[in-house]
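Structure data follow from protein_37.cif (mmCIF, C-alpha atoms):
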data_protein
loop_
_atom_site.label_atom_id
_atom_site.label_comp_id
_atom_site.auth_asym_id
_atom_site.auth_seq_id
_atom_site.Cartn_x
_atom_site.Cartn_y
_atom_site.Cartn_z
CA MET I 1 -13.64 -17.04 -13.10
CA ARG I 2 -13.11 -13.96 -15.23
CA LYS I 3 -11.11 -11.36 -13.32
CA ILE I 4 -11.03 -8.46 -15.79
CA TYR I 5 -13.25 -5.42 -15.12
CA ALA I 6 -13.86 -2.25 -17.11
CA ASP I 7 -12.55 0.30 -14.60
CA ALA I 8 -12.00 1.09 -10.93
CA LYS I 9 -15.68 1.72 -10.22
CA ALA I 10 -16.68 -1.67 -11.59
CA ALA I 11 -13.79 -3.43 -9.85
CA LEU I 12 -14.75 -1.97 -6.46
CA GLU I 13 -18.46 -2.67 -6.77
CA GLY I 14 -19.78 -4.59 -3.79
CA LEU I 15 -16.45 -4.53 -1.92
CA THR I 16 -16.54 -1.29 0.07
CA PHE I 17 -18.18 -0.62 3.43
CA ASP I 18 -17.76 1.96 6.18
CA GLY I 19 -15.10 1.14 8.74
CA MET I 20 -13.20 -1.24 6.47
CA THR I 21 -9.42 -1.76 6.44
CA VAL I 22 -7.61 -1.04 3.17
CA MET I 23 -4.01 -1.78 2.18
CA SER I 24 -2.72 0.63 -0.45
CA GLY I 25 0.50 -0.24 -2.27
CA GLY I 26 3.36 1.87 -3.56
CA PHE I 27 6.31 3.85 -2.23
CA GLY I 28 5.99 7.61 -2.06
CA LEU I 29 3.99 8.30 -5.22
CA CYS I 30 5.67 5.50 -7.17
CA GLY I 31 3.44 2.52 -7.89
CA ILE I 32 0.40 3.82 -6.07
CA PRO I 33 -3.06 2.60 -7.21
CA GLU I 34 -4.17 6.01 -8.48
CA ASN I 35 -7.43 4.85 -10.05
CA LEU I 36 -8.55 2.75 -7.09
CA ILE I 37 -7.84 5.54 -4.61
CA ALA I 38 -10.00 7.84 -6.75
CA GLY I 39 -12.60 5.06 -6.87
CA LEU I 40 -12.69 4.84 -3.08
CA LYS I 41 -13.12 8.60 -2.91
CA ALA I 42 -16.02 8.48 -5.36
CA SER I 43 -17.66 5.62 -3.45
CA GLY I 44 -18.10 7.82 -0.38
CA VAL I 45 -16.95 5.06 1.99
CA THR I 46 -15.95 6.46 5.41
CA GLY I 47 -14.16 5.48 8.60
CA LEU I 48 -11.33 3.80 6.71
CA THR I 49 -8.27 2.32 8.33
CA VAL I 50 -5.57 2.57 5.67
CA ILE I 51 -2.34 0.58 5.78
CA SER I 52 0.23 2.24 3.55
CA ASN I 53 3.91 3.11 3.74
CA ASN I 54 3.00 6.77 3.34
CA ALA I 55 -0.06 8.99 3.00
CA GLY I 56 0.47 10.47 -0.45
CA VAL I 57 0.74 14.24 -0.83
CA ASP I 58 -1.80 17.02 -0.52
CA GLY I 59 -4.41 16.57 -3.23
CA PHE I 60 -2.97 13.37 -4.73
CA GLY I 61 -2.83 9.71 -3.82
CA LEU I 62 -4.18 8.99 -0.35
CA GLY I 63 -4.10 12.74 0.24
CA GLN I 64 -7.43 12.85 -1.62
CA LEU I 65 -9.07 10.61 0.98
CA LEU I 66 -7.62 12.68 3.81
CA GLU I 67 -9.08 15.86 2.35
CA THR I 68 -12.56 14.30 2.23
CA ARG I 69 -12.15 12.92 5.78
CA GLN I 70 -12.75 9.36 4.63
CA ILE I 71 -9.70 8.04 6.52
CA ALA I 72 -10.09 7.64 10.27
CA ARG I 73 -6.84 5.81 11.01
CA MET I 74 -3.49 5.34 9.28
CA ILE I 75 -0.96 2.54 9.84
CA SER I 76 2.15 3.92 8.19
CA SER I 77 5.89 4.41 8.22
CA TYR I 78 6.36 7.87 6.69
CA VAL I 79 3.88 10.74 6.45
CA GLY I 80 6.13 13.77 6.08
CA GLU I 81 4.92 14.94 2.66
CA ASN I 82 1.32 15.69 3.61
CA LYS I 83 0.36 18.93 5.38
CA GLU I 84 -3.29 17.93 5.72
CA PHE I 85 -2.23 14.71 7.39
CA GLU I 86 -0.14 16.73 9.85
CA ARG I 87 -2.98 19.13 10.55
CA GLN I 88 -5.55 16.38 11.18
CA TYR I 89 -3.20 14.37 13.39
CA LEU I 90 -2.14 17.33 15.55
CA ALA I 91 -5.78 18.39 15.87
CA GLY I 92 -6.75 14.93 17.11
CA GLU I 93 -8.90 14.25 14.05
CA LEU I 94 -6.87 11.32 12.74
CA GLN I 95 -5.51 8.24 14.52
CA LEU I 96 -1.99 7.13 13.62
CA GLU I 97 -0.01 3.97 14.26
CA PHE I 98 3.64 4.49 13.31
CA ASN I 99 5.78 1.53 12.27
CA PRO I 100 9.46 1.28 11.36
CA GLN I 101 9.45 0.70 7.62
CA GLY I 102 10.93 -2.80 7.73
CA THR I 103 8.55 -3.81 10.51
CA LEU I 104 5.57 -2.57 8.50
CA ALA I 105 6.71 -4.55 5.47
CA GLU I 106 7.19 -7.70 7.54
CA ARG I 107 3.81 -7.32 9.28
CA ILE I 108 2.15 -7.26 5.86
CA ARG I 109 4.23 -10.16 4.55
CA ALA I 110 3.41 -12.17 7.67
CA GLY I 111 -0.29 -11.50 7.17
CA GLY I 112 -0.12 -12.82 3.64
CA ALA I 113 1.83 -15.90 4.78
CA GLY I 114 -0.56 -16.77 7.59
CA ILE I 115 1.97 -15.98 10.34
CA PRO I 116 0.07 -14.28 13.21
CA ALA I 117 3.07 -12.58 14.85
CA PHE I 118 6.87 -12.40 14.94
CA PHE I 119 9.68 -10.97 17.07
CA THR I 120 12.06 -8.21 15.96
CA ALA I 121 14.82 -6.23 17.67
CA THR I 122 13.71 -3.05 15.90
CA GLY I 123 12.04 -0.65 18.31
CA VAL I 124 13.06 -2.34 21.56
CA GLY I 125 13.35 0.27 24.30
CA THR I 126 11.44 2.92 22.32
CA LEU I 127 7.83 4.11 22.04
CA VAL I 128 7.35 1.47 19.34
CA ALA I 129 7.55 -1.27 21.98
CA GLU I 130 5.15 0.26 24.49
CA GLY I 131 2.36 -2.14 25.43
CA LYS I 132 3.87 -5.02 23.43
CA GLU I 133 5.41 -8.26 24.60
CA VAL I 134 9.22 -8.23 24.80
CA ARG I 135 11.08 -11.53 24.95
CA ASN I 136 14.76 -12.36 25.27
CA PHE I 137 16.43 -14.68 22.77
CA ASP I 138 20.13 -15.54 23.14
CA GLY I 139 20.70 -12.55 25.38
CA ARG I 140 18.96 -9.96 23.19
CA ASP I 141 15.51 -8.43 23.62
CA TYR I 142 12.93 -8.60 20.85
CA VAL I 143 9.50 -7.02 20.60
CA MET I 144 6.51 -8.95 19.30
CA GLU I 145 4.73 -7.48 16.28
CA THR I 146 1.41 -8.80 14.99
CA ALA I 147 0.60 -9.47 11.35
CA LEU I 148 -1.58 -7.21 9.22
CA VAL I 149 -4.47 -8.36 7.03
CA ALA I 150 -6.91 -6.04 5.23
CA ASP I 151 -10.49 -6.31 4.05
CA LEU I 152 -9.28 -4.95 0.71
CA ALA I 153 -5.83 -4.63 -0.88
CA ILE I 154 -5.52 -2.13 -3.73
CA VAL I 155 -2.44 -2.70 -5.84
CA LYS I 156 -0.71 -1.15 -8.86
CA ALA I 157 1.25 -3.46 -11.19
CA TRP I 158 2.95 -2.82 -14.51
CA LYS I 159 1.62 -5.76 -16.45
CA ALA I 160 -0.72 -8.70 -15.92
CA ASP I 161 -2.01 -11.62 -17.92
CA GLU I 162 -5.69 -12.52 -18.09
CA ARG I 163 -5.40 -14.79 -15.06
CA GLY I 164 -3.99 -12.03 -12.89
CA ASN I 165 -0.32 -13.04 -12.81
CA LEU I 166 1.52 -9.78 -12.08
CA VAL I 167 4.79 -8.11 -13.01
CA PHE I 168 5.99 -4.96 -11.21
CA ARG I 169 8.66 -2.46 -12.24
CA LYS I 170 11.48 -1.20 -10.04
CA THR I 171 10.41 0.88 -7.01
CA ALA I 172 6.76 0.01 -7.64
CA ARG I 173 7.61 -3.44 -6.22
CA ASN I 174 7.84 -1.88 -2.76
CA PHE I 175 4.79 -3.01 -0.75
CA ASN I 176 2.59 -3.88 -3.75
CA PRO I 177 3.49 -7.62 -4.04
CA MET I 178 3.19 -8.34 -0.32
CA MET I 179 -0.07 -6.41 -0.03
CA ALA I 180 -1.51 -8.47 -2.87
CA THR I 181 -1.15 -11.53 -0.64
CA ALA I 182 -2.50 -9.91 2.56
CA GLY I 183 -5.89 -8.68 1.39
CA LYS I 184 -9.04 -10.73 1.91
CA VAL I 185 -9.90 -9.34 -1.52
CA THR I 186 -7.21 -7.96 -3.86
CA VAL I 187 -7.99 -5.56 -6.70
CA VAL I 188 -5.20 -4.62 -9.11
CA GLU I 189 -4.84 -1.84 -11.67
CA VAL I 190 -2.27 -2.32 -14.42
CA GLU I 191 -0.89 -0.56 -17.46
CA GLU I 192 -1.38 -3.55 -19.74
CA ILE I 193 -3.14 -6.92 -19.78
CA VAL I 194 -1.60 -9.55 -22.05
CA PRO I 195 -2.80 -13.04 -23.08
CA VAL I 196 -2.07 -16.01 -20.85
CA GLY I 197 1.34 -17.43 -21.76
CA SER I 198 2.81 -14.06 -22.75
CA LEU I 199 4.65 -13.58 -19.46
CA ASP I 200 7.85 -15.44 -18.69
CA PRO I 201 6.97 -17.60 -15.66
CA ASP I 202 10.38 -16.79 -14.12
CA ASN I 203 9.56 -13.08 -14.21
CA ILE I 204 6.15 -13.22 -12.51
CA HIS I 205 6.31 -11.48 -9.14
CA THR I 206 2.80 -12.26 -7.86
CA PRO I 207 0.85 -15.36 -8.93
CA GLY I 208 -2.69 -14.80 -10.14
CA VAL I 209 -4.12 -16.93 -7.33
CA TYR I 210 -3.86 -13.84 -5.10
CA VAL I 211 -5.70 -11.53 -7.51
CA ASP I 212 -9.48 -11.29 -7.44
CA ARG I 213 -10.17 -8.37 -9.79
CA LEU I 214 -8.13 -6.61 -12.46
CA PHE I 215 -8.44 -3.67 -14.83
CA VAL I 216 -6.36 -1.37 -17.04
CA GLY I 217 -5.99 2.12 -15.59
CA THR I 218 -4.75 5.49 -16.75
CA PHE I 219 -1.91 7.02 -14.76
CA GLU I 220 -0.58 10.48 -14.01
CA LYS I 221 2.57 9.11 -12.30
CA ARG I 222 3.24 12.33 -10.47
CA ILE I 223 6.76 12.95 -9.10
CA GLU I 224 6.81 13.42 -5.33
CA GLN I 225 9.93 15.61 -5.10
CA ARG I 226 11.63 17.05 -8.16
CA THR I 227 15.27 18.08 -7.63
CA ILE I 228 17.16 19.74 -10.47
CA ARG I 229 20.94 20.00 -10.33
CA GLN I 230 22.47 23.33 -11.26
CA HIS I 231 25.08 23.16 -14.03
CA ALA I 232 28.53 24.54 -13.21
CA ASP I 233 28.24 27.17 -15.95
CA ALA I 234 24.79 28.34 -14.89
#
Go ahead and render the structure in this file as structure tokens.
Amino acid sequence: MRKIYADAKAALEGLTFDGMTVMSGGFGLCGIPENLIAGLKASGVTGLTVISNNAGVDGFGLGQLLETRQIARMISSYVGENKEFERQYLAGELQLEFNPQGTLAERIRAGGAGIPAFFTATGVGTLVAEGKEVRNFDGRDYVMETALVADLAIVKAWKADERGNLVFRKTARNFNPMMATAGKVTVVEVEEIVPVGSLDPDNIHTPGVYVDRLFVGTFEKRIEQRTIRQHADA
């Protein structure tokens, strides 16, 4: 089956529907699927539940979908860079499920591995554990967390071959590889597609068996926070 599509619009065709759950990869603004987020915005799909470490920034990344009110619920770890997110949440316009970052990562990994739930000590005795099963193992309490699976996983990789084997770079490996395994359908945007056999098998991070659709995107790669050090002689 040929996996390569012309662009984000073509790659998303027939996959979106109102009320769907979407996993969106990346960390901050690093490694986010810029083209696919814009494609979801253009599709007009609404009532989205979005699973992502963060919610982008105002006007960029997932912030675009917040501005158009296409996101109804976020499952996230960190949302502190988005004023519109804050406004909608405090106004009761947006549902939010907070997760400790490691717990969020493990919930996604478990979903991709077919593990329905797991126990972790993180969050015991806090709001995170409210309404969840707590069990004692070897004298220590652990809270049960359920796995996460999405209708659609949108992923950004650095390079892919024609069969969808993926290579990520540095911080962009955060969340993208595990989300690729936890989507019922996984669509990936990359900077380059190379012939089969061009990638060193030892350097492939995500096997192509997890990838359904693939295309080459164009990327702004915006910096989330720019900090410039003052020179001593300034």
Selection result for the PyMOL selection byres ((chain I and resi 6-22) around 9) on this file, as a PyMOL selection string = chain I and resi 4-5+23-24+35-40+42-52+72+149-154+183+185+187-189+213-217
Leaving out segment 131-140 of chain I and any residue of its chain fewer than 5 positions from it, which residues lie within 8 Å of it when counting only C-alpha atoms, given as a ChimeraX atom specification?
-> /I:121,124,145
Would you export the selected residues with C-alpha atoms as a compact mmCIF listing (two decimals), keeping the file's coordinate frame, please?
# COMPACT_ATOMS: atom_id res chain seq x y z
CA ALA I 121 14.82 -6.23 17.67
CA VAL I 124 13.06 -2.34 21.56
CA GLU I 145 4.73 -7.48 16.28
Enter the distance from atom CA of Thr218 of chain I to atom CA of Met74 of chain I, in Å, rounded to one decimal.
->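 That distance, rounded to one decimal, is 26.1 Å.
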Please provide the set of residues having any atom within 8 Å of Lys3 of chain I, restricted to all atoms listed in the file, with same-chain residues fewer than 4 positions apart removed, written as a ChimeraX atom specification.
-> /I:162-164,211-214
Any chance you could resolve the PyMOL selection byres ((chain I and resi 107) around 8) against this file and give the residues as JSON, numbers by chain?
-> {"I": [103, 104, 105, 106, 108, 109, 110, 111, 117, 145, 146, 147, 148]}
For Thr181 of chain I, work out the shell of residues within 8 Å, counting only C-alpha atoms and skipping chain neighbours fewer than 2 positions away, then give it as a ChimeraX atom specification.
-> /I:109,111-113,177-179,183,186,210
Kindly provide, as JSON, the centre and edge lengths (Å, one decimal) of an axis-aligned box around all atoms of segment 211-218 of chain I given in the file, with 8 Å on each side.
{"center_x": -7.5, "center_y": -3.0, "center_z": -12.2, "size_x": 21.4, "size_y": 33.0, "size_z": 25.6}
